[in-house]
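Colleague: My structure is below; once you've seen it, I'll send some questions.
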Amino acid sequence: MTMYNNRRILIMTSVPAEKEAIEKGLGKDQRFDVVLAGVGPISAGIQTTRALMGEDYALVINMGIAGGFREKADVSTLVIADEIVSADLGAESPEGYITLDELGFGASTRIKADSELVELLYTALKSSEVAVRQGNILTLSTVTGTAETAEELLRREPNAAAEAMEGYGVAMAAQEFGKPVLEIRSISNPIGPRDRSAWRIKEALDTLERASKVISEVLR
């Protein structure tokens, strides 16, 4: 793909450890700027907007580690989002959760990733022997910590593979500037009861580094 040759690409990530892994994978590829978004969709949206106001990027990518839904995305698997979904922006009711879309406020909680790029990267990563899958990635302001919440999220979003805290904020900013957007997450832990002994952050960061190297090679 030549459309990104000599074009600037913005990668938003949350914390310094993720930034370090991504930059290590990218090596000396000067087309990429890796910028800290902070934690949560509000900070991510603000910082992405600031970055987009200062440079004409051709593509925006949100990358980092995340939780994976059991039997959908195992630890150290890479998930590429088909859709980036704000999963807690809505209203409760006696009948159940109502999404912002269903409330009729004229805004959507779902942003589609660039499907051509998703397929391109999925194929390249799989060929590079990176464990990878496609699926929706949920953005939440509160990380899931119980089996009941995990089950409820999957009931509402059966195509979800992972959850994180920044994707929707990054995607909203990219959409506002008319830029294609991707969300790519390396799974560090299963979603459900909070169990730090099950976290594999180093392994997830290693996968993030490997994925970044492939992305640099493919987006030419």
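Going by the structure tokens order, chains are called A, B, ..., each with residues numbered from 1, while ligands are numbered from 1 in the order shown.
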Which residues are close to segment 37-54 of chain A, i.e. within 10 Å by only C-alpha atoms, leaving aside same-chain residues fewer than 6 positions away? Reply as JSON, numbers by chain.
Modeller: {"A": [10, 11, 12, 13, 14, 15, 16, 60, 62, 86, 139, 140, 141, 142, 164, 165, 166, 167, 168, 169, 170, 171, 172, 173, 174, 176, 177, 179]}
Colleague: Using atom CA of Arg8 of chain A and atom CA of Val181 of chain A as the two end points, give the distance in Å to one decimal.
Modeller: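 Taking atom CA of Arg8 of chain A and atom CA of Val181 of chain A, their separation equals 13.3 Å.
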Colleague: Please extract the residues of segment 46-194 of chain A with a backbone DSSP assignment of alpha helix (DSSP H) and present them as JSON, numbers by chain.
Modeller: {"A": [46, 47, 48, 49, 50, 51, 52, 53, 54, 100, 101, 102, 103, 115, 116, 117, 118, 119, 120, 121, 122, 123, 124, 125, 126, 127, 147, 148, 149, 150, 151, 152, 153, 154, 155, 156, 167, 168, 169, 170, 171, 172, 173, 174, 175, 176]}
Colleague: May I have the selected residues written with C-alpha atoms, as a PDB file, in the first residue's frame?
Modeller:
```
ATOM      1  CA  ILE A  46      -8.377  16.083  24.075  1.00  0.00           C
ATOM      2  CA  GLN A  47      -4.828  14.928  23.417  1.00  0.00           C
ATOM      3  CA  THR A  48      -5.701  13.507  19.981  1.00  0.00           C
ATOM      4  CA  THR A  49      -7.340  16.784  19.021  1.00  0.00           C
ATOM      5  CA  ARG A  50      -4.252  18.707  20.113  1.00  0.00           C
ATOM      6  CA  ALA A  51      -2.038  16.447  18.014  1.00  0.00           C
ATOM      7  CA  LEU A  52      -4.281  16.741  14.947  1.00  0.00           C
ATOM      8  CA  MET A  53      -4.343  20.510  15.213  1.00  0.00           C
ATOM      9  CA  GLY A  54      -0.556  20.598  14.991  1.00  0.00           C
ATOM     10  CA  LEU A 100     -27.016   6.809  23.099  1.00  0.00           C
ATOM     11  CA  ASP A 101     -28.072   5.821  19.584  1.00  0.00           C
ATOM     12  CA  GLU A 102     -31.373   4.435  20.885  1.00  0.00           C
ATOM     13  CA  LEU A 103     -31.991   7.549  22.967  1.00  0.00           C
ATOM     14  CA  SER A 115     -12.077  -1.745   6.824  1.00  0.00           C
ATOM     15  CA  GLU A 116      -9.443  -1.883   4.062  1.00  0.00           C
ATOM     16  CA  LEU A 117      -6.672  -1.178   6.553  1.00  0.00           C
ATOM     17  CA  VAL A 118      -8.109  -3.644   9.061  1.00  0.00           C
ATOM     18  CA  GLU A 119      -7.977  -6.441   6.492  1.00  0.00           C
ATOM     19  CA  LEU A 120      -4.516  -5.430   5.282  1.00  0.00           C
ATOM     20  CA  LEU A 121      -3.022  -5.430   8.774  1.00  0.00           C
ATOM     21  CA  TYR A 122      -4.859  -8.566   9.859  1.00  0.00           C
ATOM     22  CA  THR A 123      -3.414 -10.498   6.908  1.00  0.00           C
ATOM     23  CA  ALA A 124       0.092  -9.126   7.440  1.00  0.00           C
ATOM     24  CA  LEU A 125       0.128  -9.817  11.169  1.00  0.00           C
ATOM     25  CA  LYS A 126      -1.172 -13.334  10.687  1.00  0.00           C
ATOM     26  CA  SER A 127       1.532 -13.971   8.084  1.00  0.00           C
ATOM     27  CA  ALA A 147     -18.165 -11.966  35.709  1.00  0.00           C
ATOM     28  CA  GLU A 148     -21.691 -10.503  35.737  1.00  0.00           C
ATOM     29  CA  THR A 149     -20.601  -7.270  34.049  1.00  0.00           C
ATOM     30  CA  ALA A 150     -18.555  -9.180  31.481  1.00  0.00           C
ATOM     31  CA  GLU A 151     -21.553 -11.334  30.628  1.00  0.00           C
ATOM     32  CA  GLU A 152     -23.824  -8.294  30.361  1.00  0.00           C
ATOM     33  CA  LEU A 153     -21.407  -6.528  28.015  1.00  0.00           C
ATOM     34  CA  LEU A 154     -21.219  -9.579  25.755  1.00  0.00           C
ATOM     35  CA  ARG A 155     -24.987  -9.899  25.765  1.00  0.00           C
ATOM     36  CA  ARG A 156     -25.241  -6.314  24.522  1.00  0.00           C
ATOM     37  CA  GLY A 167     -10.465   4.163  21.718  1.00  0.00           C
ATOM     38  CA  TYR A 168     -13.737   6.037  21.380  1.00  0.00           C
ATOM     39  CA  GLY A 169     -12.156   9.337  22.436  1.00  0.00           C
ATOM     40  CA  VAL A 170      -9.371   8.932  19.881  1.00  0.00           C
ATOM     41  CA  ALA A 171     -11.845   7.872  17.187  1.00  0.00           C
ATOM     42  CA  MET A 172     -14.162  10.826  17.844  1.00  0.00           C
ATOM     43  CA  ALA A 173     -11.280  13.261  17.386  1.00  0.00           C
ATOM     44  CA  ALA A 174     -10.105  11.495  14.212  1.00  0.00           C
ATOM     45  CA  GLN A 175     -13.644  11.554  12.831  1.00  0.00           C
ATOM     46  CA  GLU A 176     -13.942  15.278  13.547  1.00  0.00           C
TER      47      GLU A 176
END
```
Colleague: Which one is closest to Gln134 of chain A: A:Glu157, A:Asp82, A:Glu71, A:Glu183? Count only C-alpha atoms.
Modeller: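 Nearest candidate to Gln134 of chain A out of A:Glu157, A:Asp82, A:Glu71, A:Glu183: A:Asp82.
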Colleague: Report the closest atom pair, with its distance in Å rounded to one decimal, for each residue of segment 84-140 of chain A that has an atom no farther than 12 Å from segment 196-209 of chain A; count only C-alpha atoms, sort by chain and then rising residue number, and write it as a Markdown table.
Modeller:
```
| residue | atom | partner | partner_atom | distance |
| --- | --- | --- | --- | --- |
| A:Leu125 | CA | A:Thr207 | CA | 10.7 |
| A:Ser128 | CA | A:Thr207 | CA | 11.6 |
| A:Glu129 | CA | A:Thr207 | CA | 10.8 |
| A:Val130 | CA | A:Thr207 | CA | 7.5 |
| A:Ala131 | CA | A:Thr207 | CA | 8.7 |
| A:Val132 | CA | A:Thr207 | CA | 10.0 |
```
Colleague: Taking N, CA, C and O atoms for each residue, export the selection above as a short mmCIF file (atom, residue, chain, number, x, y, z; two decimals), in the first residue's frame.
Modeller:
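Contents of part36.cif, as written:
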```
data_model
loop_
_atom_site.label_atom_id
_atom_site.label_comp_id
_atom_site.auth_asym_id
_atom_site.auth_seq_id
_atom_site.Cartn_x
_atom_site.Cartn_y
_atom_site.Cartn_z
N LEU A 125 -0.23 -9.36 9.83
CA LEU A 125 0.13 -9.82 11.17
C LEU A 125 0.03 -11.34 11.28
O LEU A 125 0.89 -11.99 11.88
N SER A 128 2.90 -12.91 9.78
CA SER A 128 4.10 -12.73 10.61
C SER A 128 4.03 -13.56 11.88
O SER A 128 4.86 -13.38 12.79
N GLU A 129 3.05 -14.44 11.97
CA GLU A 129 2.87 -15.35 13.10
C GLU A 129 2.58 -14.62 14.41
O GLU A 129 2.95 -15.08 15.49
N VAL A 130 1.91 -13.48 14.30
CA VAL A 130 1.36 -12.81 15.47
C VAL A 130 -0.06 -13.33 15.66
O VAL A 130 -0.85 -13.35 14.71
N ALA A 131 -0.39 -13.78 16.86
CA ALA A 131 -1.76 -14.23 17.12
C ALA A 131 -2.68 -13.02 17.06
O ALA A 131 -2.56 -12.09 17.87
N VAL A 132 -3.59 -13.00 16.09
CA VAL A 132 -4.39 -11.81 15.85
C VAL A 132 -5.82 -12.20 15.53
O VAL A 132 -6.08 -13.26 14.95
#
```
Colleague: Please give the complete set of residues from segment 72-112 of chain A that DSSP, run on the backbone, assigns to strand (DSSP E or B), formatted as a PyMOL selection string.
Modeller: chain A and resi 78-86+90-91+98-99+110-112
